[in-house]
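**Student:** For reference, the file structure_14.cif (mmCIF, C-alpha atoms and all ligand atoms) is included below:
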```
data_my_file
loop_
_atom_site.label_atom_id
_atom_site.label_comp_id
_atom_site.auth_asym_id
_atom_site.auth_seq_id
_atom_site.Cartn_x
_atom_site.Cartn_y
_atom_site.Cartn_z
CA MET A 1 104.94 98.61 11.43
CA SER A 2 101.93 99.63 9.40
CA LEU A 3 101.74 100.73 5.77
CA GLN A 4 99.08 103.40 6.17
CA THR A 5 100.91 106.26 4.44
CA PRO A 6 103.57 106.43 1.71
CA ALA A 7 106.07 107.48 4.40
CA ASP A 8 105.17 104.40 6.51
CA PHE A 9 105.64 102.23 3.43
CA THR A 10 109.13 103.56 2.69
CA GLU A 11 110.14 103.34 6.33
CA ALA A 12 108.93 99.73 6.59
CA VAL A 13 110.77 98.73 3.40
CA GLU A 14 113.99 100.24 4.81
CA ALA A 15 113.60 98.66 8.24
CA ALA A 16 112.76 95.23 6.82
CA ALA A 17 115.60 95.35 4.28
CA THR A 18 118.10 96.28 6.99
CA LEU A 19 117.07 93.31 9.14
CA LEU A 20 117.05 90.90 6.19
CA ARG A 21 120.54 92.01 5.09
CA ALA A 22 121.71 91.30 8.65
CA GLY A 23 120.38 87.72 8.42
CA GLU A 24 117.28 88.32 10.54
CA LEU A 25 113.70 87.12 9.98
CA VAL A 26 110.86 89.52 9.13
CA VAL A 27 107.11 88.85 8.92
CA VAL A 28 105.79 90.28 5.67
CA PRO A 29 102.34 90.67 4.12
CA THR A 30 101.68 88.99 0.78
CA GLU A 31 98.49 88.79 -1.27
CA THR A 32 97.98 85.12 -0.27
CA VAL A 33 98.96 84.81 3.42
CA TYR A 34 101.58 86.46 5.65
CA GLY A 35 105.12 85.10 5.21
CA LEU A 36 108.13 84.64 7.50
CA ALA A 37 110.95 85.92 5.30
CA ALA A 38 114.73 85.49 5.19
CA ASN A 39 117.42 86.22 2.60
CA ALA A 40 117.11 83.16 0.32
CA PHE A 41 120.86 83.27 -0.44
CA ASP A 42 121.86 83.21 3.25
CA PRO A 43 121.74 79.58 4.51
CA ALA A 44 122.13 80.59 8.18
CA ALA A 45 119.19 82.99 7.93
CA VAL A 46 117.02 80.37 6.19
CA SER A 47 117.88 77.81 8.91
CA LYS A 48 116.36 80.18 11.44
CA ILE A 49 113.01 79.82 9.67
CA TYR A 50 112.95 76.05 10.28
CA THR A 51 113.82 76.46 13.95
CA PHE A 52 111.43 79.32 14.50
CA LYS A 53 108.42 77.58 12.92
CA GLY A 54 109.25 74.10 14.14
CA ARG A 55 109.21 73.17 10.45
CA PRO A 56 110.42 69.68 9.49
CA SER A 57 113.77 69.93 7.67
CA HIS A 58 112.40 67.94 4.72
CA ASN A 59 109.86 70.63 3.80
CA PRO A 60 111.25 73.03 1.15
CA ILE A 61 110.59 76.78 1.29
CA ILE A 62 109.23 78.94 -1.53
CA VAL A 63 111.58 81.59 -2.92
CA HIS A 64 109.97 84.95 -3.74
CA VAL A 65 111.40 86.95 -6.64
CA ALA A 66 110.54 90.32 -8.12
CA THR A 67 112.76 90.74 -11.17
CA ALA A 68 113.59 88.67 -14.26
CA ASP A 69 117.24 88.62 -13.14
CA MET A 70 116.26 86.93 -9.89
CA ILE A 71 114.40 84.22 -11.82
CA ARG A 72 117.58 83.58 -13.81
CA GLU A 73 119.65 83.51 -10.63
CA CYS A 74 117.39 80.95 -8.92
CA ALA A 75 116.26 78.65 -11.73
CA GLY A 76 118.76 76.13 -13.08
CA GLU A 77 116.50 75.77 -16.09
CA TRP A 78 113.60 77.95 -17.19
CA SER A 79 111.42 76.12 -19.69
CA GLU A 80 109.02 77.48 -22.28
CA GLU A 81 106.17 76.21 -20.07
CA ALA A 82 107.51 78.09 -17.05
CA GLN A 83 107.77 81.23 -19.11
CA ARG A 84 104.21 80.88 -20.37
CA LEU A 85 102.76 80.39 -16.89
CA ALA A 86 104.82 83.28 -15.53
CA ARG A 87 103.62 85.52 -18.32
CA ALA A 88 100.01 84.55 -17.66
CA PHE A 89 99.90 84.59 -13.84
CA TRP A 90 102.86 86.50 -12.38
CA PRO A 91 102.93 88.56 -10.31
CA GLY A 92 100.36 86.51 -8.40
CA PRO A 93 99.40 83.53 -6.23
CA LEU A 94 101.24 80.85 -8.26
CA THR A 95 104.40 78.95 -7.28
CA LEU A 96 106.39 77.18 -10.00
CA VAL A 97 108.61 74.25 -9.04
CA VAL A 98 111.59 74.22 -11.42
CA PRO A 99 115.18 72.86 -11.35
CA LYS A 100 117.22 74.92 -8.89
CA SER A 101 120.41 76.81 -9.67
CA GLU A 102 123.71 76.42 -7.80
CA ARG A 103 123.03 79.76 -6.16
CA VAL A 104 120.02 78.53 -4.13
CA PRO A 105 121.27 76.94 -0.89
CA MET A 106 120.27 73.35 -0.13
CA VAL A 107 118.59 74.41 3.11
CA VAL A 108 115.97 76.33 1.07
CA THR A 109 115.06 73.31 -1.04
CA ALA A 110 115.34 70.80 1.84
CA GLY A 111 118.18 69.10 0.00
CA GLY A 112 116.20 68.70 -3.23
CA ALA A 113 117.20 69.59 -6.78
CA THR A 114 114.14 71.79 -7.38
CA VAL A 115 113.04 75.18 -6.14
CA GLY A 116 109.56 76.68 -5.80
CA LEU A 117 109.55 80.22 -7.22
CA ARG A 118 106.83 82.86 -6.81
CA TRP A 119 106.64 86.48 -7.91
CA PRO A 120 104.13 87.97 -5.47
CA SER A 121 101.80 90.79 -6.50
CA HIS A 122 101.75 92.53 -3.11
CA ALA A 123 103.27 96.01 -3.55
CA PHE A 124 105.20 95.82 -0.28
CA MET A 125 106.79 92.46 -1.13
CA GLN A 126 107.83 93.71 -4.56
CA ALA A 127 109.34 96.89 -3.13
CA LEU A 128 111.12 94.96 -0.37
CA ILE A 129 112.62 92.29 -2.65
CA ARG A 130 113.89 94.95 -5.08
CA ARG A 131 115.33 97.02 -2.24
CA CYS A 132 117.12 93.96 -0.84
CA GLY A 133 118.46 92.94 -4.22
CA PHE A 134 118.12 89.28 -3.23
CA PRO A 135 115.11 86.93 -3.28
CA LEU A 136 113.24 86.09 -0.09
CA ALA A 137 112.64 82.57 1.18
CA ALA A 138 109.32 82.66 3.01
CA PRO A 139 106.88 80.04 4.25
CA SER A 140 103.57 81.06 5.78
CA ALA A 141 104.21 82.85 9.10
CA ASN A 142 102.53 80.29 11.38
CA PRO A 143 103.87 77.55 13.64
CA ALA A 144 104.16 74.30 11.60
CA ASN A 145 100.80 72.60 10.87
CA GLN A 146 98.69 75.49 12.12
CA LEU A 147 96.53 77.92 10.19
CA SER A 148 98.24 80.44 7.95
CA PRO A 149 97.83 84.06 9.05
CA THR A 150 95.96 86.49 6.79
CA SER A 151 96.43 89.53 9.03
CA ALA A 152 99.13 90.95 11.30
CA ASP A 153 96.82 90.27 14.21
CA HIS A 154 96.75 86.53 13.38
CA VAL A 155 100.56 86.58 13.25
CA LEU A 156 100.90 88.26 16.64
CA HIS A 157 98.46 85.83 18.26
CA ASN A 158 100.28 82.73 17.09
CA LEU A 159 103.95 83.62 16.71
CA PRO A 160 106.06 81.05 18.58
CA GLY A 161 108.76 83.58 19.55
CA PRO A 162 110.06 87.11 19.09
CA VAL A 163 110.79 88.25 15.55
CA GLY A 164 112.69 91.37 14.40
CA LEU A 165 109.72 93.01 12.69
CA VAL A 166 106.10 92.34 11.73
CA VAL A 167 104.92 94.45 8.81
CA ASP A 168 101.16 95.03 8.86
CA GLY A 169 99.82 95.22 5.31
CA GLY A 170 96.16 94.71 6.25
CA PRO A 171 94.08 91.63 5.42
CA SER A 172 95.50 89.41 2.67
CA ASN A 173 93.56 89.85 -0.52
CA VAL A 174 93.59 86.26 -1.80
CA GLY A 175 93.37 84.62 1.62
CA ILE A 176 94.65 81.09 0.95
CA GLU A 177 98.15 79.92 -0.01
CA SER A 178 99.42 79.99 -3.60
CA THR A 179 98.76 77.26 -6.15
CA VAL A 180 101.94 75.12 -6.43
CA VAL A 181 102.68 73.59 -9.86
CA ASP A 182 105.49 71.08 -10.40
CA LEU A 183 107.05 71.79 -13.79
CA CYS A 184 109.68 69.09 -13.32
CA ARG A 185 107.08 66.51 -14.33
CA ASN A 186 105.69 65.99 -17.78
CA PRO A 187 102.87 66.91 -17.95
CA ALA A 188 103.07 69.42 -15.12
CA VAL A 189 101.23 68.55 -11.90
CA ILE A 190 99.35 70.69 -9.39
CA LEU A 191 100.94 69.93 -6.01
CA ARG A 192 98.71 72.31 -4.06
CA PRO A 193 95.43 73.70 -5.45
CA GLY A 194 94.80 77.39 -4.98
CA MET A 195 92.89 80.31 -6.43
CA ILE A 196 94.69 79.96 -9.78
CA HIS A 197 92.81 76.80 -10.60
CA ARG A 198 93.29 73.85 -12.93
CA GLU A 199 91.16 75.26 -15.73
CA ALA A 200 93.01 78.56 -15.68
CA LEU A 201 96.38 76.75 -15.80
CA ALA A 202 95.14 74.36 -18.48
CA SER A 203 94.37 77.27 -20.78
CA VAL A 204 98.13 77.92 -20.86
CA ILE A 205 99.87 74.51 -20.56
CA PRO A 206 98.79 70.86 -20.11
CA VAL A 207 98.52 70.18 -16.39
CA LEU A 208 97.30 67.33 -14.18
CA SER A 209 95.40 67.58 -10.93
CA PRO A 210 96.88 65.81 -7.87
CA ALA A 211 94.02 63.26 -7.90
CA ALA A 212 94.75 62.31 -11.52
CA VAL A 213 98.38 61.66 -10.67
CA GLU A 214 97.65 59.66 -7.55
CA GLY A 215 95.34 57.50 -9.67
CA THR A 216 97.82 56.82 -12.46
CA GLN A 217 101.00 56.52 -10.45
CA ARG A 218 100.06 54.03 -7.79
CA GLY A 219 102.93 51.62 -7.37
CA CYS A 220 105.04 52.97 -10.24
CA GLU A 221 106.85 56.16 -9.34
CA ALA A 222 107.76 57.85 -6.11
CA PRO A 223 104.80 59.55 -4.44
CA LEU A 224 104.30 63.28 -4.96
CA LYS A 225 106.90 65.06 -2.95
CA SER A 226 105.34 68.11 -1.42
CA PRO A 227 104.79 68.09 2.32
CA GLY A 228 101.98 70.60 1.85
CA LEU A 229 100.02 67.64 0.53
CA LEU A 230 100.14 65.90 3.88
CA SER A 231 96.73 65.73 5.45
CA LYS A 232 97.65 67.30 8.79
CA HIS A 233 97.94 70.83 7.52
CA TYR A 234 96.05 74.06 7.50
CA SER A 235 94.00 73.17 10.54
CA PRO A 236 92.35 75.24 13.24
CA ARG A 237 92.57 73.97 16.83
CA ALA A 238 88.95 72.82 17.06
CA PRO A 239 87.74 69.83 15.05
CA LEU A 240 86.20 70.92 11.76
CA ARG A 241 83.31 69.15 10.03
CA LEU A 242 82.18 69.74 6.48
CA LEU A 243 78.41 69.19 6.36
CA ARG A 244 75.35 69.76 4.20
CA TRP A 245 71.93 70.44 5.67
CA ARG A 246 68.37 71.10 4.54
CA ASP A 247 67.51 73.45 7.39
CA GLY A 248 68.35 74.24 10.99
CA ALA A 249 66.58 71.16 12.37
CA ASP A 250 68.49 68.88 10.02
CA LEU A 251 71.83 70.43 11.05
CA ARG A 252 70.95 70.24 14.72
CA GLU A 253 70.28 66.53 14.31
CA GLN A 254 73.68 65.99 12.70
CA ILE A 255 75.54 67.64 15.57
CA ASP A 256 73.12 66.56 18.28
CA SER A 257 75.66 64.86 20.56
CA GLU A 258 77.98 67.90 20.58
CA VAL A 259 75.13 70.31 21.23
CA ARG A 260 73.82 68.12 24.06
CA ALA A 261 77.32 67.89 25.54
CA GLY A 262 77.31 71.68 25.72
CA ARG A 263 80.16 72.07 23.21
CA ARG A 264 80.72 75.54 21.79
CA VAL A 265 79.78 75.17 18.15
CA GLN A 266 80.43 77.72 15.40
CA ILE A 267 78.74 77.39 12.02
CA LEU A 268 80.26 78.86 8.86
CA CYS A 269 77.76 78.89 6.03
CA HIS A 270 77.47 80.51 2.62
CA SER A 271 74.02 79.66 1.30
CA ARG A 272 71.80 77.98 3.91
CA ILE A 273 71.60 80.00 7.10
CA PRO A 274 70.34 77.50 9.70
CA ALA A 275 67.53 78.68 11.96
CA GLY A 276 67.50 77.84 15.66
CA PHE A 277 71.09 78.83 16.51
CA ALA A 278 72.21 81.95 18.33
CA PRO A 279 73.14 84.75 15.89
CA ASP A 280 76.75 84.88 17.10
CA GLN A 281 77.09 81.12 16.49
CA VAL A 282 76.52 81.54 12.77
CA SER A 283 78.95 83.28 10.40
CA VAL A 284 77.77 83.91 6.89
CA ILE A 285 80.62 83.89 4.36
CA PRO A 286 80.05 85.36 0.88
CA HIS A 287 78.89 82.88 -1.74
CA ASP A 288 81.59 83.47 -4.35
CA ALA A 289 84.87 81.59 -4.28
CA GLU A 290 87.17 84.61 -4.15
CA ALA A 291 85.35 86.33 -1.32
CA PHE A 292 85.02 83.01 0.53
CA ALA A 293 88.77 82.33 0.29
CA ARG A 294 89.53 85.87 1.46
CA ALA A 295 87.32 85.46 4.56
CA LEU A 296 87.90 81.80 5.46
CA TYR A 297 91.09 81.88 7.55
CA ALA A 298 89.95 84.97 9.46
CA GLU A 299 86.82 83.04 10.46
CA LEU A 300 88.87 80.01 11.52
CA HIS A 301 91.35 82.18 13.49
CA GLN A 302 88.39 83.79 15.20
CA CYS A 303 87.15 80.32 16.21
CA ASP A 304 90.63 79.49 17.58
CA GLN A 305 90.82 82.72 19.54
CA THR A 306 87.38 82.42 21.09
CA GLY A 307 87.73 78.79 22.20
CA VAL A 308 85.17 77.25 19.85
CA GLU A 309 85.06 73.45 20.30
CA LEU A 310 83.49 72.36 17.01
CA ILE A 311 83.56 74.19 13.69
CA VAL A 312 80.86 73.23 11.20
CA VAL A 313 81.42 74.43 7.64
CA GLU A 314 78.76 74.20 4.95
CA CYS A 315 80.25 72.24 2.02
CA PRO A 316 81.36 74.67 -0.66
CA PRO A 317 79.85 74.36 -4.16
CA ASP A 318 81.53 72.42 -6.97
CA GLY A 319 83.45 74.13 -9.75
CA PRO A 320 87.13 74.73 -10.45
CA GLU A 321 87.22 78.10 -8.70
CA TRP A 322 86.32 76.31 -5.44
CA HIS A 323 89.08 73.66 -5.59
CA GLY A 324 91.57 75.61 -3.46
CA VAL A 325 89.02 76.25 -0.72
CA GLN A 326 87.79 72.65 -0.89
CA ASP A 327 91.34 71.38 -0.55
CA ARG A 328 92.04 73.39 2.64
CA LEU A 329 88.70 72.50 4.20
CA THR A 330 89.11 68.81 3.40
CA ARG A 331 92.56 68.77 4.99
CA ALA A 332 91.31 70.62 8.06
CA SER A 333 88.43 68.17 8.47
CA ALA A 334 90.60 65.09 7.80
CA SER A 335 93.29 66.07 10.29
CA SER A 336 90.76 66.71 13.02
CA GLU A 337 89.61 63.11 12.76
CA SER A 338 93.07 61.52 12.78
O1 LIG A 401 101.11 81.67 -0.81
C1 LIG A 401 102.11 81.09 -0.43
O2 LIG A 401 102.63 80.16 -1.10
C2 LIG A 401 102.73 81.50 0.91
C3 LIG A 401 103.26 82.92 0.79
C4 LIG A 401 104.01 83.38 2.00
O3 LIG A 401 104.04 83.03 -0.36
N1 LIG A 401 103.74 80.60 1.29
C5 LIG A 401 103.47 79.34 1.71
O4 LIG A 401 104.62 78.65 2.08
O5 LIG A 401 102.36 78.88 1.78
P1 LIG A 401 104.56 77.28 2.87
O6 LIG A 401 105.97 76.94 3.16
O7 LIG A 401 103.64 77.39 3.99
O8 LIG A 401 104.03 76.26 1.80
C6 LIG A 401 104.83 75.98 0.65
C7 LIG A 401 104.43 74.68 0.04
C8 LIG A 401 104.78 73.52 0.93
O9 LIG A 401 103.74 72.57 0.81
C9 LIG A 401 106.06 73.00 0.31
O10 LIG A 401 106.22 71.62 0.55
C10 LIG A 401 105.83 73.29 -1.15
O11 LIG A 401 105.15 74.52 -1.17
N2 LIG A 401 107.12 73.44 -1.85
C11 LIG A 401 108.01 74.45 -1.73
N3 LIG A 401 109.10 74.22 -2.50
C12 LIG A 401 108.88 73.04 -3.13
C13 LIG A 401 109.64 72.23 -4.04
N4 LIG A 401 110.84 72.60 -4.45
N5 LIG A 401 109.09 71.06 -4.45
C14 LIG A 401 107.86 70.68 -4.02
N6 LIG A 401 107.10 71.39 -3.17
C15 LIG A 401 107.60 72.54 -2.71
MG MG A 402 102.40 76.92 5.43
#
```
I'd like the structure from this file rewritten - as structure tokens, please.
**Tutor:**
Amino acid sequence: MSLQTPADFTEAVEAAATLLRAGELVVVPTETVYGLAANAFDPAAVSKIYTFKGRPSHNPIIVHVATADMIRECAGEWSEEAQRLARAFWPGPLTLVVPKSERVPMVVTAGGATVGLRWPSHAFMQALIRRCGFPLAAPSANPANQLSPTSADHVLHNLPGPVGLVVDGGPSNVGIESTVVDLCRNPAVILRPGMIHREALASVIPVLSPAAVEGTQRGCEAPLKSPGLLSKHYSPRAPLRLLRWRDGADLREQIDSEVRAGRRVQILCHSRIPAGFAPDQVSVIPHDAEAFARALYAELHQCDQTGVELIVVECPPDGPEWHGVQDRLTRASASSES
């Protein structure tokens, strides 16, 4: 169902709410990526998400809320720090890991004592959650370990089975998954970088980057527990290489063996457009972090759908606003080598 007109919007909210109340799964647009939603308070419905995605049972699912009452229902404890981050960044692409309440079923949190909460900014998600009257558990709407969808078209191309309803809200505005912050540690820790970056968070509460924690914790405490930190995540089908080049000749030299082998190569660049490649082999992505994040997964899905055999991505610039994009690209390139 599309959301082109106000009547479409209302109809889609009603249809989705009816299915969710009946314990069915619905694919919903959010500002980050598309989600596969179920009633977070219905353990049988949430179990369907794991089966449908082929998601490992130890990987907890984010709970999406849209009212202050829902926060109170889901959080066992809501600290001053949580409140400050929520006030600064909600609704928006930020997930806060806090102690869970009794009300949140164990299947949502993969048996853990914490729950990841997010108040999305997408108008459809807000309207749907309020109409349902219960929060929605929703991971990204892709088969486990594959690329997250940022359009209804991506969802339909990759869905592993039939689903009650796919709501088409157009291209996702943020384009990569939310920043996940663990507030059950002191100081708080970024479990998954995103477009709400460390500096932005640090202007509100003290927060550590994942690298800082890995450095200080070696051998002392349990490793960070967020399966989204595993390297084999967020990857397109083709191997992905992050490269820097001076010019077209330099790039050609770096991928010489693939080019000679006749591999289909696609180049995603943002500042140095390499000469000597066919125009349709080169995609130019905007050179600012927000526009780059918005476009990135669509480019990678396009590579998947057209049978590209090697994806070359020009290394993104440094700077906090690029950390989310760097994180996804590094994972995609690491997993293609393992
Ligand atoms: O932007 C997003 O976060 C999207 C949209 C749909 O909201 N959702 C999303 O969900 O990316 P998913 O399941 O693909 O990724 C959620 C990440 C996983 O890495 C999961 O391990 C982590 O968040 N996570 C969820 N609950 C957690 C918890 N209680 N403790 C630690 N990590 C948690
Ligand atoms: Mg995911």
**Student:** Mind checking which residues fall within 6 Å of A:Thr32, counting all atoms listed in the file, ignoring those fewer than 4 positions away in the same chain, and posting them as a count of residues only?
**Tutor:** 5
**Student:** What residues of the protein or nucleic acid chains come within 7 Å of ligand MG 402 (chain A) when you use all atoms listed in the file? Reply as a PyMOL selection string.
**Tutor:** chain A and resi 139-140+142+144+148
**Student:** Excluding stretch 272-278 of chain A and residues on its chain fewer than 5 positions from it, collect all residues at most 10 Å away from it, counting only C-alpha atoms, and give them as an NGL selection string.
**Tutor:** :A and (244-252 or 265-267 or 283-284 or 314)
**Student:** With ligand LIG 401 (chain A) as the partner and 6 Å as the cut-off, tabulate the residues of chain A that qualify, each row holding the nearest pair of atoms and their distance in Å to one decimal, using only C-alpha atoms and all ligand atoms, sorted by chain and rising number, as a Markdown table.
**Tutor:**
```
| residue | atom | partner | partner_atom | distance |
| --- | --- | --- | --- | --- |
| A:Thr32 | CA | A:LIG401 | O1 | 4.7 |
| A:Val33 | CA | A:LIG401 | C3 | 5.4 |
| A:Tyr34 | CA | A:LIG401 | C4 | 5.4 |
| A:Gly35 | CA | A:LIG401 | C4 | 3.8 |
| A:Asn59 | CA | A:LIG401 | O10 | 5.0 |
| A:Pro60 | CA | A:LIG401 | N3 | 4.4 |
| A:Ile61 | CA | A:LIG401 | C11 | 4.6 |
| A:Ile62 | CA | A:LIG401 | C11 | 4.7 |
| A:Pro93 | CA | A:LIG401 | O1 | 6.0 |
| A:Val97 | CA | A:LIG401 | N4 | 5.4 |
| A:Thr109 | CA | A:LIG401 | N4 | 5.5 |
| A:Thr114 | CA | A:LIG401 | N4 | 4.5 |
| A:Val115 | CA | A:LIG401 | N4 | 3.8 |
| A:Gly116 | CA | A:LIG401 | N3 | 4.1 |
| A:Ala138 | CA | A:LIG401 | C4 | 5.5 |
| A:Pro139 | CA | A:LIG401 | O6 | 3.4 |
| A:Ser140 | CA | A:LIG401 | O7 | 4.1 |
| A:Glu177 | CA | A:LIG401 | O1 | 3.5 |
| A:Ser178 | CA | A:LIG401 | O1 | 3.7 |
| A:Lys225 | CA | A:LIG401 | C14 | 5.8 |
| A:Ser226 | CA | A:LIG401 | N6 | 4.1 |
| A:Pro227 | CA | A:LIG401 | O10 | 4.2 |
| A:Gly228 | CA | A:LIG401 | O9 | 2.8 |
```
**Student:** Mind writing the picked residues with C-alpha atoms as a tab-separated table (two decimals), keeping the file's coordinate frame?
**Tutor:**
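After the write, selection18.tsv holds the following:
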```
chain	number	residue	atom	x	y	z
A	32	THR	CA	97.98	85.12	-0.27
A	33	VAL	CA	98.96	84.81	3.42
A	34	TYR	CA	101.58	86.46	5.65
A	35	GLY	CA	105.12	85.10	5.21
A	59	ASN	CA	109.86	70.63	3.80
A	60	PRO	CA	111.25	73.03	1.15
A	61	ILE	CA	110.59	76.78	1.29
A	62	ILE	CA	109.23	78.94	-1.53
A	93	PRO	CA	99.40	83.53	-6.23
A	97	VAL	CA	108.61	74.25	-9.04
A	109	THR	CA	115.06	73.31	-1.04
A	114	THR	CA	114.14	71.79	-7.38
A	115	VAL	CA	113.04	75.18	-6.14
A	116	GLY	CA	109.56	76.68	-5.80
A	138	ALA	CA	109.32	82.66	3.01
A	139	PRO	CA	106.88	80.04	4.25
A	140	SER	CA	103.57	81.06	5.78
A	177	GLU	CA	98.15	79.92	-0.01
A	178	SER	CA	99.42	79.99	-3.60
A	225	LYS	CA	106.90	65.06	-2.95
A	226	SER	CA	105.34	68.11	-1.42
A	227	PRO	CA	104.79	68.09	2.32
A	228	GLY	CA	101.98	70.60	1.85
```
**Student:** Please identify all polymer residues within 9 Å of A:Asn158, counting only C-alpha atoms, omitting same-chain residues fewer than 6 positions from it, and present them as a PDB file with C-alpha atoms, keeping the file's coordinate frame.
**Tutor:**
```pdb
ATOM      1  CA  ALA A 141     104.210  82.850   9.100  1.00  0.00           C
ATOM      2  CA  ASN A 142     102.530  80.290  11.380  1.00  0.00           C
ATOM      3  CA  PRO A 143     103.870  77.550  13.640  1.00  0.00           C
ATOM      4  CA  GLN A 146      98.690  75.490  12.120  1.00  0.00           C
ATOM      5  CA  PRO A 149      97.830  84.060   9.050  1.00  0.00           C
TER       6      PRO A 149
END
```
**Student:** Could you check the closest approach to A:Gly161 for each of A:Val181, A:Ala261, A:Leu25, A:Ile255 and tell me which residue wins, using only C-alpha atoms?
**Tutor:**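 When distances to A:Gly161 are compared using only C-alpha atoms, the smallest one comes from A:Leu25.
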**Student:** So, counting only C-alpha atoms, which residue among A:His197, A:Thr179, A:Val204, A:His157 is closest to A:Arg87?
**Tutor:**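 Looking at the shortest contact to A:Arg87, the residue is A:Val204.
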**Student:** Could you pull the residues within 12 Å of A:Asn186, counting all atoms listed in the file, minus those fewer than 2 positions along the same chain, as a PyMOL selection string?
**Tutor:** chain A and resi 79+81+98+181-184+188-190+205-208+213
**Student:** Which distance in Å separates atom CA of A:Gln281 and atom CA of A:Leu300, to one decimal?
**Tutor:**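 Result for atom CA of A:Gln281 versus atom CA of A:Leu300: 12.8 Å, one decimal.
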**Student:** For A:Ile285, work out the shell of residues within 10 Å, counting only C-alpha atoms and skipping chain neighbours fewer than 3 positions away, then give it as a ChimeraX atom specification.
**Tutor:** /A:268-271,282,288-289,291-296,299,314
**Student:** For A:Phe41, which residue among A:Pro6, A:Pro120, A:Pro193, A:Pro135 is the nearest when counting all atoms listed in the file?
**Tutor:**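 Distance minimum relative to A:Phe41 lands on A:Pro135.
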**Student:** So, counting all atoms listed in the file, which residue among A:Ser121, A:Gln4, A:Ser333, A:Thr51 is closest to A:Pro160?
**Tutor:** A:Thr51
**Student:** Nearest to A:Val28: which of A:Val104, A:Val167, A:Met1, A:Met70 is it, counting all atoms listed in the file?
**Tutor:**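 Result for the nearest residue to A:Val28: A:Val167.
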**Student:** Missing atoms in stretch 152-165 of chain A should be modelled up to N, CA and C atoms and reported as a tab-separated table (two decimals), keeping the file's coordinate frame.
**Tutor:**
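Result written to selection-v2.tsv:
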```tsv
chain	number	residue	atom	x	y	z
A	152	ALA	N	98.04	90.79	10.32
A	152	ALA	CA	99.13	90.95	11.30
A	152	ALA	C	98.66	90.50	12.67
A	153	ASP	N	97.39	90.69	12.94
A	153	ASP	CA	96.82	90.27	14.21
A	153	ASP	C	96.92	88.74	14.38
A	154	HIS	N	96.61	87.99	13.31
A	154	HIS	CA	96.75	86.53	13.38
A	154	HIS	C	98.20	86.16	13.68
A	155	VAL	N	99.13	86.87	13.05
A	155	VAL	CA	100.56	86.58	13.25
A	155	VAL	C	100.90	86.78	14.72
A	156	LEU	N	100.51	87.92	15.26
A	156	LEU	CA	100.90	88.26	16.64
A	156	LEU	C	100.28	87.30	17.65
A	157	HIS	N	99.10	86.78	17.35
A	157	HIS	CA	98.46	85.83	18.26
A	157	HIS	C	99.14	84.48	18.30
A	158	ASN	N	99.81	84.11	17.21
A	158	ASN	CA	100.28	82.73	17.09
A	158	ASN	C	101.79	82.58	16.96
A	159	LEU	N	102.50	83.69	16.92
A	159	LEU	CA	103.95	83.62	16.71
A	159	LEU	C	104.61	82.83	17.84
A	160	PRO	N	105.47	81.84	17.50
A	160	PRO	CA	106.06	81.05	18.58
A	160	PRO	C	107.21	81.74	19.31
A	161	GLY	N	107.67	82.91	18.85
A	161	GLY	CA	108.76	83.58	19.55
A	161	GLY	C	108.91	84.99	19.03
A	162	PRO	N	109.88	85.73	19.56
A	162	PRO	CA	110.06	87.11	19.09
A	162	PRO	C	110.68	87.14	17.68
A	163	VAL	N	110.26	88.11	16.90
A	163	VAL	CA	110.79	88.25	15.55
A	163	VAL	C	111.16	89.73	15.38
A	164	GLY	N	112.17	90.01	14.54
A	164	GLY	CA	112.69	91.37	14.40
A	164	GLY	C	111.62	92.39	14.07
A	165	LEU	N	110.70	92.03	13.18
A	165	LEU	CA	109.72	93.01	12.69
A	165	LEU	C	108.51	92.29	12.11
```
